[in-house]
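Next comes upload-v5.csv, with CSV, C-alpha atoms.
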```csv
chain,number,residue,atom,x,y,z
I,1,MET,CA,12.1,32.1,-15.1
I,2,ASN,CA,11.8,32.5,-11.3
I,3,THR,CA,8.8,34.5,-10.2
I,4,ALA,CA,8.7,32.7,-6.9
I,5,GLU,CA,9.7,33.7,-3.4
I,6,ALA,CA,10.8,30.1,-2.6
I,7,PRO,CA,14.5,29.3,-3.2
I,8,ASP,CA,15.0,26.9,-6.1
I,9,TRP,CA,16.4,24.1,-3.9
I,10,ALA,CA,13.3,24.3,-1.6
I,11,SER,CA,10.9,24.0,-4.6
I,12,ARG,CA,12.8,21.1,-6.1
I,13,LEU,CA,13.3,19.2,-2.8
I,14,GLY,CA,9.7,19.9,-1.8
I,15,VAL,CA,8.1,18.5,-4.9
I,16,ILE,CA,10.2,15.3,-4.6
I,17,ALA,CA,9.3,15.0,-0.9
I,18,ILE,CA,5.6,15.3,-1.8
I,19,LEU,CA,5.8,12.7,-4.6
I,20,LEU,CA,7.9,10.2,-2.7
I,21,GLY,CA,5.9,10.8,0.5
I,22,ILE,CA,2.6,9.9,-1.3
I,23,LEU,CA,4.1,6.8,-2.8
I,24,LEU,CA,5.6,5.7,0.5
I,25,ALA,CA,2.4,6.4,2.5
I,26,ALA,CA,0.5,4.2,0.0
I,27,SER,CA,3.1,1.5,0.2
I,28,GLN,CA,3.3,1.5,4.0
I,29,ALA,CA,-0.5,1.4,4.3
I,30,ASN,CA,-0.6,-1.6,2.0
I,31,GLU,CA,2.2,-3.2,4.1
I,32,TRP,CA,0.1,-2.7,7.2
I,33,LEU,CA,-3.0,-4.2,5.5
I,34,LYS,CA,-0.9,-7.1,4.2
I,35,LEU,CA,0.4,-8.0,7.6
I,36,SER,CA,-3.1,-7.8,9.2
I,37,ILE,CA,-4.5,-10.2,6.6
I,38,VAL,CA,-1.7,-12.7,6.0
I,39,GLY,CA,0.6,-12.1,9.0
I,40,SER,CA,-0.8,-15.0,10.9
I,41,PRO,CA,-2.8,-17.3,8.7
I,42,PRO,CA,-5.5,-19.5,10.5
I,43,TYR,CA,-3.8,-22.7,9.4
I,44,THR,CA,-0.3,-24.1,8.6
I,45,VAL,CA,0.9,-25.4,5.3
I,46,ALA,CA,0.4,-28.9,6.6
I,47,THR,CA,-3.2,-28.3,7.7
I,48,MET,CA,-4.3,-25.9,4.9
I,49,PRO,CA,-7.5,-26.8,3.1
I,50,GLU,CA,-7.6,-27.6,-0.6
I,51,PRO,CA,-7.9,-24.3,-2.5
I,52,ASP,CA,-11.0,-23.8,-4.7
I,53,CYS,CA,-9.7,-23.5,-8.2
I,54,ASP,CA,-12.8,-23.5,-10.3
I,55,GLU,CA,-12.3,-23.4,-14.0
I,56,ASP,CA,-14.5,-20.3,-14.6
I,57,GLU,CA,-12.7,-18.5,-11.8
I,58,LEU,CA,-9.3,-19.4,-13.3
I,59,ALA,CA,-10.4,-18.0,-16.7
I,60,GLU,CA,-11.8,-14.8,-15.1
I,61,GLU,CA,-8.5,-14.2,-13.2
I,62,GLY,CA,-6.2,-15.4,-16.0
I,63,LEU,CA,-4.7,-18.0,-13.8
I,64,SER,CA,-3.4,-21.5,-14.4
I,65,LEU,CA,-4.3,-24.3,-12.0
I,66,THR,CA,-0.7,-24.4,-10.7
I,67,GLU,CA,-0.8,-20.6,-10.1
I,68,CYS,CA,-4.1,-21.0,-8.2
I,69,LEU,CA,-2.6,-23.7,-6.0
I,70,GLN,CA,0.5,-21.6,-5.4
I,71,LEU,CA,-1.5,-18.6,-4.3
I,72,ALA,CA,-2.7,-20.7,-1.3
I,73,TYR,CA,0.9,-21.6,-0.4
I,74,ALA,CA,2.1,-18.0,-0.9
I,75,VAL,CA,-0.1,-16.8,2.0
I,76,HIS,CA,2.3,-18.6,4.3
I,77,ASP,CA,5.4,-16.8,2.9
I,78,ILE,CA,5.5,-14.3,5.7
I,79,SER,CA,4.5,-16.6,8.6
I,80,ILE,CA,6.8,-19.5,7.8
I,81,SER,CA,9.9,-17.3,7.3
I,82,ALA,CA,9.3,-14.8,10.1
I,83,PRO,CA,10.2,-15.1,13.7
I,84,GLY,CA,7.5,-14.5,16.3
I,85,TRP,CA,8.4,-10.8,16.8
I,86,PHE,CA,8.3,-9.9,13.1
I,87,LYS,CA,4.6,-9.2,12.7
I,88,SER,CA,4.4,-6.6,15.5
I,89,PHE,CA,7.8,-5.2,14.6
I,90,HIS,CA,6.9,-4.7,10.9
I,91,THR,CA,3.4,-3.5,11.7
I,92,THR,CA,4.9,-0.8,14.0
I,93,VAL,CA,7.5,0.1,11.3
I,94,SER,CA,4.7,0.4,8.7
I,95,ALA,CA,2.5,2.6,10.9
I,96,VAL,CA,5.4,4.9,11.9
I,97,GLY,CA,6.6,5.0,8.3
I,98,MET,CA,3.1,6.0,7.1
I,99,VAL,CA,2.9,8.8,9.6
I,100,LEU,CA,6.4,10.0,8.7
I,101,ALA,CA,5.6,9.7,5.0
I,102,LEU,CA,2.5,11.9,5.4
I,103,LEU,CA,4.6,14.4,7.5
I,104,SER,CA,7.2,14.5,4.6
I,105,VAL,CA,4.3,15.4,2.3
I,106,LEU,CA,3.4,18.3,4.6
I,107,ILE,CA,7.0,19.3,4.8
I,108,GLY,CA,7.2,19.1,1.0
I,109,ILE,CA,4.2,21.4,0.7
I,110,ALA,CA,5.8,23.9,3.1
I,111,LEU,CA,9.0,23.8,1.1
I,112,VAL,CA,7.3,24.5,-2.3
I,113,ASP,CA,4.9,27.0,-0.8
I,114,TYR,CA,7.9,28.3,1.0
I,115,ARG,CA,7.8,28.7,4.8
I,116,PRO,CA,11.0,29.6,6.5
I,117,TRP,CA,10.6,26.8,9.1
I,118,ALA,CA,10.3,24.1,6.4
I,119,GLY,CA,14.0,23.7,5.8
I,120,ALA,CA,14.7,23.2,9.5
I,121,ALA,CA,11.8,20.7,9.9
I,122,ALA,CA,12.8,18.8,6.8
I,123,VAL,CA,16.1,17.6,8.3
I,124,PRO,CA,14.6,15.7,11.2
I,125,VAL,CA,11.7,14.3,9.2
I,126,PHE,CA,13.7,13.0,6.3
I,127,GLY,CA,16.4,11.9,8.7
I,128,ALA,CA,13.8,10.0,10.8
I,129,LEU,CA,12.7,8.2,7.6
I,130,ALA,CA,16.3,7.2,6.9
I,131,VAL,CA,16.7,5.9,10.5
I,132,LEU,CA,13.4,4.0,10.2
I,133,ASP,CA,14.7,2.4,7.0
I,134,ILE,CA,17.8,1.3,9.0
I,135,ALA,CA,15.6,-0.1,11.7
I,136,ALA,CA,13.5,-2.0,9.1
I,137,PHE,CA,16.6,-3.2,7.4
I,138,THR,CA,18.1,-4.5,10.6
I,139,GLY,CA,14.8,-6.3,11.5
I,140,VAL,CA,14.4,-7.9,8.1
I,141,VAL,CA,18.1,-9.1,8.1
I,142,ASN,CA,17.2,-11.1,11.2
I,143,THR,CA,14.4,-13.1,9.5
I,144,GLY,CA,14.4,-15.9,7.0
I,145,PRO,CA,15.5,-15.7,3.3
I,146,MET,CA,12.0,-15.5,2.0
I,147,ILE,CA,11.3,-12.3,3.9
I,148,ARG,CA,14.7,-10.9,3.0
I,149,GLN,CA,14.1,-11.4,-0.7
I,150,MET,CA,10.7,-9.7,-0.3
I,151,TYR,CA,11.9,-6.6,1.5
I,152,LEU,CA,15.6,-6.0,1.8
I,153,TRP,CA,16.2,-4.4,-1.6
I,154,SER,CA,13.3,-2.0,-1.5
I,155,ILE,CA,14.2,-0.9,2.0
I,156,LEU,CA,17.8,-0.2,0.9
I,157,LEU,CA,16.5,1.8,-2.1
I,158,TRP,CA,14.2,3.9,0.2
I,159,PHE,CA,17.1,4.4,2.7
I,160,PHE,CA,19.3,6.0,0.0
I,161,ILE,CA,16.4,8.1,-1.3
I,162,HIS,CA,15.7,9.4,2.3
I,163,LEU,CA,19.4,9.9,2.9
I,164,ALA,CA,19.7,12.0,-0.3
I,165,MET,CA,16.6,14.0,0.8
I,166,ALA,CA,18.0,14.6,4.3
I,167,ILE,CA,21.4,15.7,2.9
I,168,GLY,CA,19.6,18.0,0.4
I,169,ALA,CA,17.7,19.6,3.3
I,170,ILE,CA,20.9,20.1,5.3
I,171,VAL,CA,22.6,21.7,2.4
I,172,GLY,CA,19.6,23.9,1.6
I,173,ARG,CA,19.4,25.0,5.2
I,174,GLN,CA,23.1,25.9,5.2
I,175,ASP,CA,22.4,28.0,2.1
I,176,VAL,CA,19.6,29.8,3.9
I,177,GLN,CA,21.8,30.4,7.0
I,178,ALA,CA,24.7,31.7,4.7
I,179,THR,CA,22.4,34.3,3.1
I,180,LEU,CA,21.2,35.4,6.5
I,181,ARG,CA,24.7,35.8,7.9
I,182,PRO,CA,26.2,39.3,7.6
I,183,ALA,CA,29.0,39.5,5.1
I,184,GLY,CA,32.5,38.9,6.5
I,185,THR,CA,31.4,36.8,9.5
C,1,MET,CA,-11.9,41.1,-0.6
C,2,LYS,CA,-8.7,39.1,0.0
C,3,PRO,CA,-7.3,38.0,-3.4
C,4,VAL,CA,-7.3,34.2,-4.1
C,5,THR,CA,-3.8,33.0,-4.8
C,6,GLY,CA,-4.5,29.3,-5.4
C,7,TYR,CA,-7.0,26.5,-5.1
C,8,SER,CA,-9.2,26.5,-2.0
C,9,ARG,CA,-8.2,24.6,1.1
C,10,THR,CA,-11.0,22.1,0.5
C,11,ALA,CA,-9.7,21.4,-3.0
C,12,LEU,CA,-6.2,21.1,-1.7
C,13,ILE,CA,-7.1,18.5,1.0
C,14,LEU,CA,-9.3,16.5,-1.5
C,15,HIS,CA,-6.5,16.6,-4.1
C,16,TRP,CA,-3.9,15.1,-1.8
C,17,PHE,CA,-6.4,12.6,-0.3
C,18,LEU,CA,-7.2,11.5,-3.9
C,19,ALA,CA,-3.5,11.2,-4.7
C,20,VAL,CA,-2.6,9.0,-1.7
C,21,SER,CA,-5.8,6.9,-2.2
C,22,ILE,CA,-5.2,6.2,-5.9
C,23,PHE,CA,-1.7,5.0,-5.3
C,24,PHE,CA,-2.9,2.9,-2.4
C,25,LEU,CA,-5.6,1.4,-4.6
C,26,PHE,CA,-2.9,0.5,-7.2
C,27,VAL,CA,-0.4,-1.1,-4.8
C,28,SER,CA,-3.1,-2.9,-2.8
C,29,SER,CA,-4.9,-4.2,-5.9
C,30,TRP,CA,-1.6,-5.8,-7.2
C,31,TRP,CA,-1.1,-7.4,-3.8
C,32,MET,CA,-4.7,-8.6,-3.2
C,33,LEU,CA,-5.0,-10.3,-6.6
C,34,GLY,CA,-2.2,-12.5,-5.4
C,35,LEU,CA,-4.3,-13.8,-2.6
C,36,PRO,CA,-6.0,-17.3,-2.9
C,37,LEU,CA,-9.3,-17.3,-4.8
C,38,ALA,CA,-12.2,-16.8,-2.4
C,39,SER,CA,-14.0,-19.9,-1.0
C,40,ALA,CA,-15.6,-20.9,2.3
C,41,GLU,CA,-12.1,-21.8,3.7
C,42,TYR,CA,-10.1,-19.0,2.0
C,43,ARG,CA,-11.5,-15.7,3.0
C,44,PHE,CA,-8.3,-13.6,2.8
C,45,ARG,CA,-9.7,-11.5,-0.1
C,46,GLU,CA,-12.8,-10.3,1.9
C,47,ILE,CA,-11.4,-7.3,3.7
C,48,PRO,CA,-9.0,-6.1,0.9
C,49,PHE,CA,-11.7,-6.3,-1.8
C,50,GLN,CA,-14.3,-4.5,0.4
C,51,LEU,CA,-11.7,-1.8,1.2
C,52,HIS,CA,-10.8,-1.5,-2.5
C,53,LYS,CA,-14.5,-1.1,-3.5
C,54,ASN,CA,-15.3,1.3,-0.6
C,55,LEU,CA,-12.3,3.5,-1.4
C,56,GLY,CA,-13.3,3.5,-5.1
C,57,ILE,CA,-16.9,4.5,-4.3
C,58,THR,CA,-15.6,7.2,-1.9
C,59,LEU,CA,-13.3,8.6,-4.6
C,60,VAL,CA,-16.3,9.1,-7.0
C,61,ALA,CA,-17.9,11.3,-4.3
C,62,VAL,CA,-14.6,13.1,-3.8
C,63,ILE,CA,-14.3,13.8,-7.5
C,64,ILE,CA,-17.8,15.2,-7.6
C,65,VAL,CA,-17.1,17.5,-4.6
C,66,MET,CA,-13.7,18.5,-6.2
C,67,LEU,CA,-15.5,19.5,-9.4
C,68,TYR,CA,-18.0,21.5,-7.5
C,69,VAL,CA,-15.3,23.3,-5.5
C,70,ARG,CA,-13.2,23.8,-8.6
C,71,PHE,CA,-16.0,25.6,-10.5
C,72,LYS,CA,-17.2,27.5,-7.4
C,73,HIS,CA,-13.7,28.8,-6.5
C,74,ARG,CA,-11.5,29.5,-9.5
C,75,PRO,CA,-7.9,29.8,-8.6
C,76,GLN,CA,-5.9,32.9,-9.3
C,77,PRO,CA,-3.6,33.6,-11.1
C,78,GLU,CA,-5.1,31.6,-14.0
C,79,LEU,CA,-2.9,29.2,-15.9
C,80,SER,CA,-3.2,31.3,-19.1
C,81,LYS,CA,-1.5,34.2,-17.3
C,82,ILE,CA,1.5,32.0,-16.3
C,83,LEU,CA,1.9,29.5,-19.1
C,84,SER,CA,2.1,29.7,-22.9
C,85,PRO,CA,-1.3,29.1,-24.6
C,86,THR,CA,-0.2,25.7,-25.8
C,87,LEU,CA,1.0,24.5,-22.3
C,88,SER,CA,-2.1,26.1,-20.7
C,89,ARG,CA,-4.4,24.1,-23.1
C,90,LEU,CA,-2.4,20.9,-22.5
C,91,ALA,CA,-2.8,21.4,-18.8
C,92,ILE,CA,-6.6,21.8,-19.1
C,93,VAL,CA,-6.8,18.7,-21.4
C,94,ASP,CA,-4.7,16.7,-18.9
C,95,HIS,CA,-7.1,17.6,-16.0
C,96,VAL,CA,-10.2,16.8,-18.0
C,97,ILE,CA,-8.8,13.4,-19.0
C,98,LEU,CA,-7.7,12.8,-15.4
C,99,TYR,CA,-11.2,13.5,-14.0
C,100,VAL,CA,-12.9,11.4,-16.7
C,101,ILE,CA,-10.5,8.4,-16.3
C,102,ILE,CA,-10.7,8.4,-12.5
C,103,PHE,CA,-14.5,8.4,-12.8
C,104,ALA,CA,-14.5,5.7,-15.4
C,105,CYS,CA,-12.1,3.5,-13.5
C,106,CYS,CA,-14.1,3.7,-10.3
C,107,VAL,CA,-17.5,3.2,-11.9
C,108,SER,CA,-16.4,0.3,-14.1
C,109,GLY,CA,-14.9,-1.4,-11.0
C,110,TYR,CA,-18.2,-1.0,-9.1
C,111,LEU,CA,-20.2,-2.3,-12.1
C,112,SER,CA,-17.9,-5.3,-12.4
C,113,SER,CA,-18.5,-6.0,-8.8
C,114,ALA,CA,-22.3,-5.5,-9.1
C,115,TYR,CA,-22.4,-8.2,-11.8
C,116,SER,CA,-20.0,-10.6,-9.9
C,117,GLY,CA,-22.6,-11.6,-7.3
C,118,TRP,CA,-20.5,-10.2,-4.5
C,119,SER,CA,-22.3,-7.6,-2.5
C,120,THR,CA,-20.8,-4.4,-1.2
C,121,THR,CA,-21.1,-3.0,2.3
C,122,LEU,CA,-20.2,0.7,2.3
C,123,TRP,CA,-17.4,1.1,5.0
C,124,TRP,CA,-18.8,-2.0,6.8
C,125,LEU,CA,-21.9,0.1,7.8
C,126,VAL,CA,-24.4,0.3,4.9
C,127,ASP,CA,-25.3,-2.7,2.7
C,128,LEU,CA,-25.5,-1.2,-0.8
C,129,PRO,CA,-28.6,-2.5,-2.8
C,130,ASP,CA,-27.8,-5.5,-5.1
C,131,TRP,CA,-29.2,-3.8,-8.2
C,132,GLY,CA,-26.9,-5.9,-10.4
C,133,TYR,CA,-27.2,-9.7,-10.8
C,134,GLU,CA,-24.6,-12.4,-11.3
C,135,ASN,CA,-23.7,-12.2,-14.9
C,136,GLU,CA,-20.2,-13.5,-15.9
C,137,GLU,CA,-20.1,-11.8,-19.3
C,138,LEU,CA,-21.0,-8.3,-17.9
C,139,ASN,CA,-18.6,-8.9,-15.0
C,140,MET,CA,-15.8,-9.7,-17.4
C,141,LEU,CA,-16.6,-6.8,-19.7
C,142,TYR,CA,-16.6,-4.2,-16.8
C,143,SER,CA,-13.6,-5.9,-15.3
C,144,ASP,CA,-11.7,-5.4,-18.6
C,145,ILE,CA,-12.8,-1.8,-18.8
C,146,HIS,CA,-11.7,-1.3,-15.2
C,147,LEU,CA,-8.3,-2.8,-15.9
C,148,TRP,CA,-7.6,-0.7,-19.0
C,149,THR,CA,-9.0,2.5,-17.6
C,150,CYS,CA,-6.7,2.0,-14.6
C,151,TRP,CA,-3.7,1.4,-16.8
C,152,ILE,CA,-4.6,4.6,-18.7
C,153,LEU,CA,-5.0,6.4,-15.4
C,154,LEU,CA,-1.5,5.4,-14.4
C,155,ALA,CA,-0.2,6.8,-17.6
C,156,VAL,CA,-2.2,10.1,-17.4
C,157,MET,CA,-1.0,10.4,-13.7
C,158,ALA,CA,2.6,10.1,-14.9
C,159,VAL,CA,1.9,13.0,-17.4
C,160,HIS,CA,0.2,15.0,-14.6
C,161,ILE,CA,3.1,14.4,-12.2
C,162,SER,CA,5.7,15.2,-14.9
C,163,GLY,CA,4.0,18.6,-15.3
C,164,ALA,CA,4.1,19.2,-11.6
C,165,LEU,CA,7.8,18.3,-11.4
C,166,TYR,CA,8.6,20.5,-14.4
C,167,HIS,CA,6.9,23.5,-12.9
C,168,ALA,CA,8.3,22.9,-9.4
C,169,PHE,CA,11.9,22.5,-10.8
C,170,ARG,CA,11.4,25.7,-12.7
C,171,ASN,CA,10.0,27.2,-9.5
C,172,ASP,CA,7.5,29.3,-11.6
C,173,GLY,CA,4.7,29.3,-9.1
C,174,VAL,CA,2.3,27.0,-10.9
C,175,VAL,CA,2.5,24.1,-8.5
C,176,ARG,CA,2.2,26.4,-5.5
C,177,ARG,CA,-1.4,27.0,-6.5
C,178,MET,CA,-2.2,23.5,-5.2
C,179,LEU,CA,0.0,23.8,-2.2
C,180,HIS,CA,-1.1,27.1,-0.6
C,181,LEU,CA,-1.8,26.1,3.0
```

Starting from the file, give its structure as structure tokens.
Amino acid sequence: MNTAEAPDWASRLGVIAILLGILLAASQANEWLKLSIVGSPPYTVATMPEPDCDEDELAEEGLSLTECLQLAYAVHDISISAPGWFKSFHTTVSAVGMVLALLSVLIGIALVDYRPWAGAAAVPVFGALAVLDIAAFTGVVNTGPMIRQMYLWSILLWFFIHLAMAIGAIVGRQDVQATLRPAGT
Amino acid sequence: MKPVTGYSRTALILHWFLAVSIFFLFVSSWWMLGLPLASAEYRFREIPFQLHKNLGITLVAVIIVMLYVRFKHRPQPELSKILSPTLSRLAIVDHVILYVIIFACCVSGYLSSAYSGWSTTLWWLVDLPDWGYENEELNMLYSDIHLWTCWILLAVMAVHISGALYHAFRNDGVVRRMLHL
């Protein structure tokens, strides 16, 4: 059944852009929060105070004593493995990623509730997300192994998702242009 | 009068705000529970926990406004005119469960916090009254309810999103009711 004015490709690509855009926006917002909280801890591993691992608290959180101690060390995972430029770089990537993710939600809405401009706008937005993934990947490659194991695979996954979305938008746009072109030209 | 073709713009904005916020609450809660336990020296949890509580409280208000808007402004065409009676009933059940679970998840989280002894400052502006008291058992009880309602919420959201994907892939106009700008 197709009672809609939107082409099928636009409706399908649009709903995927909305879903993934929401997930990405939430993820990038969390990344931004994470870096502002633990990007530069107030002490080093050598000077860190003894963590408070009260038995009642451990029971409440379902933690072992070893896990509780490890949580205090884990705060340093980013700071000890990242070069000085990483925090500002990754904060910028997260902020831009969040904006682009929200834009891709809007583009997705405009694709499902079809607007003729949406196909054309989708290409640069999805493309920009893929380019941002390349930038993030390049940045993370130049950090330490702890940061690489934290981020590289998920960035690669997002890159291929955004690449697929951008290609989908390009093909959809070509279909629209082909239907508008007079026969025989 | 201009015919109404979908949900109102207010409902639309609230729906998408709710969607992003809920996913943010999930992803940030998984991360923030990996921060060191709070103490005088370790204060990493302060901001994320306050943010988590504030967003949860805000979502309760959003849900109330959404329900008001939903009943004041009924979208057209109605689901029963687009879907089979079974699917239409399923969609209504899914929405009711979704509202109830979001509400239960947010309220149980706040109750857990109220009995934990940690106070809440609404968006770092208004100190909410400490009507609860430090009670470990009640804190644990509401914490467990919060945990399980949130897992159920994730499952119900998966059903809700599956429905949206199904209708968008069929391109039958159902999803467009929540996307009409």

Item checked: Best match for closeness to chain I among C:Leu128, C:Ala61, C:Ile13, C:Val20, counting all atoms listed in the file -> C:Val20

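For chain C, the residues having at least one atom no farther than 7 Å from chain I, when counting only C-alpha atoms, are Val20, Phe23, Phe24, Val27, Ser28, Gly34, Leu35, Pro36, Leu37, Ser39, Glu41, Phe44, Met140, Leu165, Ala168, Phe169, Arg170, Asn171, Asp172, Gly173, Arg176, Leu179 and His180 of chain C.
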
Checklist line | Residue neighbourhood range 135-137 of chain C, 8 Å, all atoms listed in the file, exclusion window fewer than 2 positions, as a list in words | finding: Tyr115, Ser116, Gly117, Tyr133, Asn139, Met140 and Leu141 of chain C

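Residues with any atom within 8 Å of range 125-128 of chain I, counting only C-alpha atoms and excluding same-chain neighbours fewer than 2 positions away, are Leu100, Leu103, Ser104, Ala121, Ala122, Val123, Ala130, Val131, Leu132, His162, Leu163, Met165 and Ala166 of chain I.
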
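Interatomic distance, CA of Phe26 in chain C to CA of Leu59 in chain C: 13.4 Å.
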
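Straight-line separation from CA of Pro116 in chain I to CA of Gln177 in chain I: 10.8 Å.
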
Notebook entry, point to check: With distances taken over only C-alpha atoms, which of C:Cys106, C:Leu83, C:Leu55, C:Ile64 is nearest to Cys150 in chain C?
Noted result: C:Cys106

Next item on the list: Using only C-alpha atoms, find the one residue out of I:Ser40, I:Ala101, I:Gly62, I:Ala17 that sits nearest to Gly168 in chain I.
Entry: I:Ala17

Note to self: Just the number, please: distance in Å from CA of Ala158 in chain C to CA of His73 in chain C, one decimal.
What the structure shows: 26.2 Å

Note to self: Give me the residues near Leu111 in chain C as a ChimeraX atom specification, where near means some atom within 8 Å (using all atoms listed in the file) and where sequence neighbours in that chain fewer than 2 positions away do not count.
What the structure shows: /C:107-109,113-115,132,139,142

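Shortest atom-to-atom contact with Leu35 in chain I among C:Leu122, C:Gly163, C:Pro48, C:Asp144: C:Pro48, counting all atoms listed in the file.
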
Please complete range 66-86 of chain I so it has N, CA and C atoms, and hand it over as a short mmCIF file (atom, residue, chain, number, x, y, z; two decimals), in the coordinates of the input.
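Okay, this is what ended up in rebuild15.cif:
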```
data_model
loop_
_atom_site.label_atom_id
_atom_site.label_comp_id
_atom_site.auth_asym_id
_atom_site.auth_seq_id
_atom_site.Cartn_x
_atom_site.Cartn_y
_atom_site.Cartn_z
N THR I 66 -1.88 -24.38 -11.59
CA THR I 66 -0.70 -24.40 -10.70
C THR I 66 -0.56 -23.04 -9.99
N GLU I 67 -0.83 -21.96 -10.72
CA GLU I 67 -0.80 -20.60 -10.10
C GLU I 67 -1.79 -20.53 -8.95
N CYS I 68 -2.99 -21.03 -9.22
CA CYS I 68 -4.10 -21.00 -8.20
C CYS I 68 -3.66 -21.72 -6.95
N LEU I 69 -3.06 -22.89 -7.12
CA LEU I 69 -2.60 -23.70 -6.00
C LEU I 69 -1.49 -22.95 -5.22
N GLN I 70 -0.60 -22.35 -6.02
CA GLN I 70 0.50 -21.60 -5.40
C GLN I 70 0.10 -20.43 -4.61
N LEU I 71 -1.01 -19.78 -5.04
CA LEU I 71 -1.50 -18.60 -4.30
C LEU I 71 -1.84 -19.01 -2.84
N ALA I 72 -2.38 -20.22 -2.68
CA ALA I 72 -2.70 -20.70 -1.30
C ALA I 72 -1.47 -20.90 -0.49
N TYR I 73 -0.40 -21.41 -1.13
CA TYR I 73 0.90 -21.60 -0.40
C TYR I 73 1.51 -20.26 -0.08
N ALA I 74 1.38 -19.30 -1.03
CA ALA I 74 2.10 -18.00 -0.90
C ALA I 74 1.61 -17.22 0.33
N VAL I 75 0.38 -17.52 0.79
CA VAL I 75 -0.10 -16.80 2.00
C VAL I 75 0.78 -17.07 3.18
N HIS I 76 1.49 -18.22 3.15
CA HIS I 76 2.30 -18.60 4.30
C HIS I 76 3.76 -18.01 4.17
N ASP I 77 4.06 -17.32 3.07
CA ASP I 77 5.40 -16.80 2.90
C ASP I 77 5.95 -16.03 4.05
N ILE I 78 5.09 -15.17 4.61
CA ILE I 78 5.50 -14.30 5.70
C ILE I 78 5.61 -15.18 7.00
N SER I 79 4.52 -15.92 7.29
CA SER I 79 4.50 -16.60 8.60
C SER I 79 5.51 -17.70 8.75
N ILE I 80 5.85 -18.42 7.66
CA ILE I 80 6.80 -19.50 7.80
C ILE I 80 8.26 -19.02 7.87
N SER I 81 8.49 -17.81 7.37
CA SER I 81 9.90 -17.30 7.30
C SER I 81 10.17 -16.32 8.41
N ALA I 82 9.12 -15.83 9.08
CA ALA I 82 9.30 -14.80 10.10
C ALA I 82 9.36 -15.28 11.48
N PRO I 83 10.27 -14.76 12.31
CA PRO I 83 10.20 -15.10 13.70
C PRO I 83 8.97 -14.48 14.38
N GLY I 84 8.68 -14.91 15.60
CA GLY I 84 7.50 -14.50 16.30
C GLY I 84 7.32 -12.95 16.41
N TRP I 85 8.45 -12.27 16.58
CA TRP I 85 8.40 -10.80 16.80
C TRP I 85 8.14 -10.02 15.56
N PHE I 86 8.29 -10.66 14.39
CA PHE I 86 8.30 -9.90 13.10
C PHE I 86 7.02 -9.15 12.85
#
```
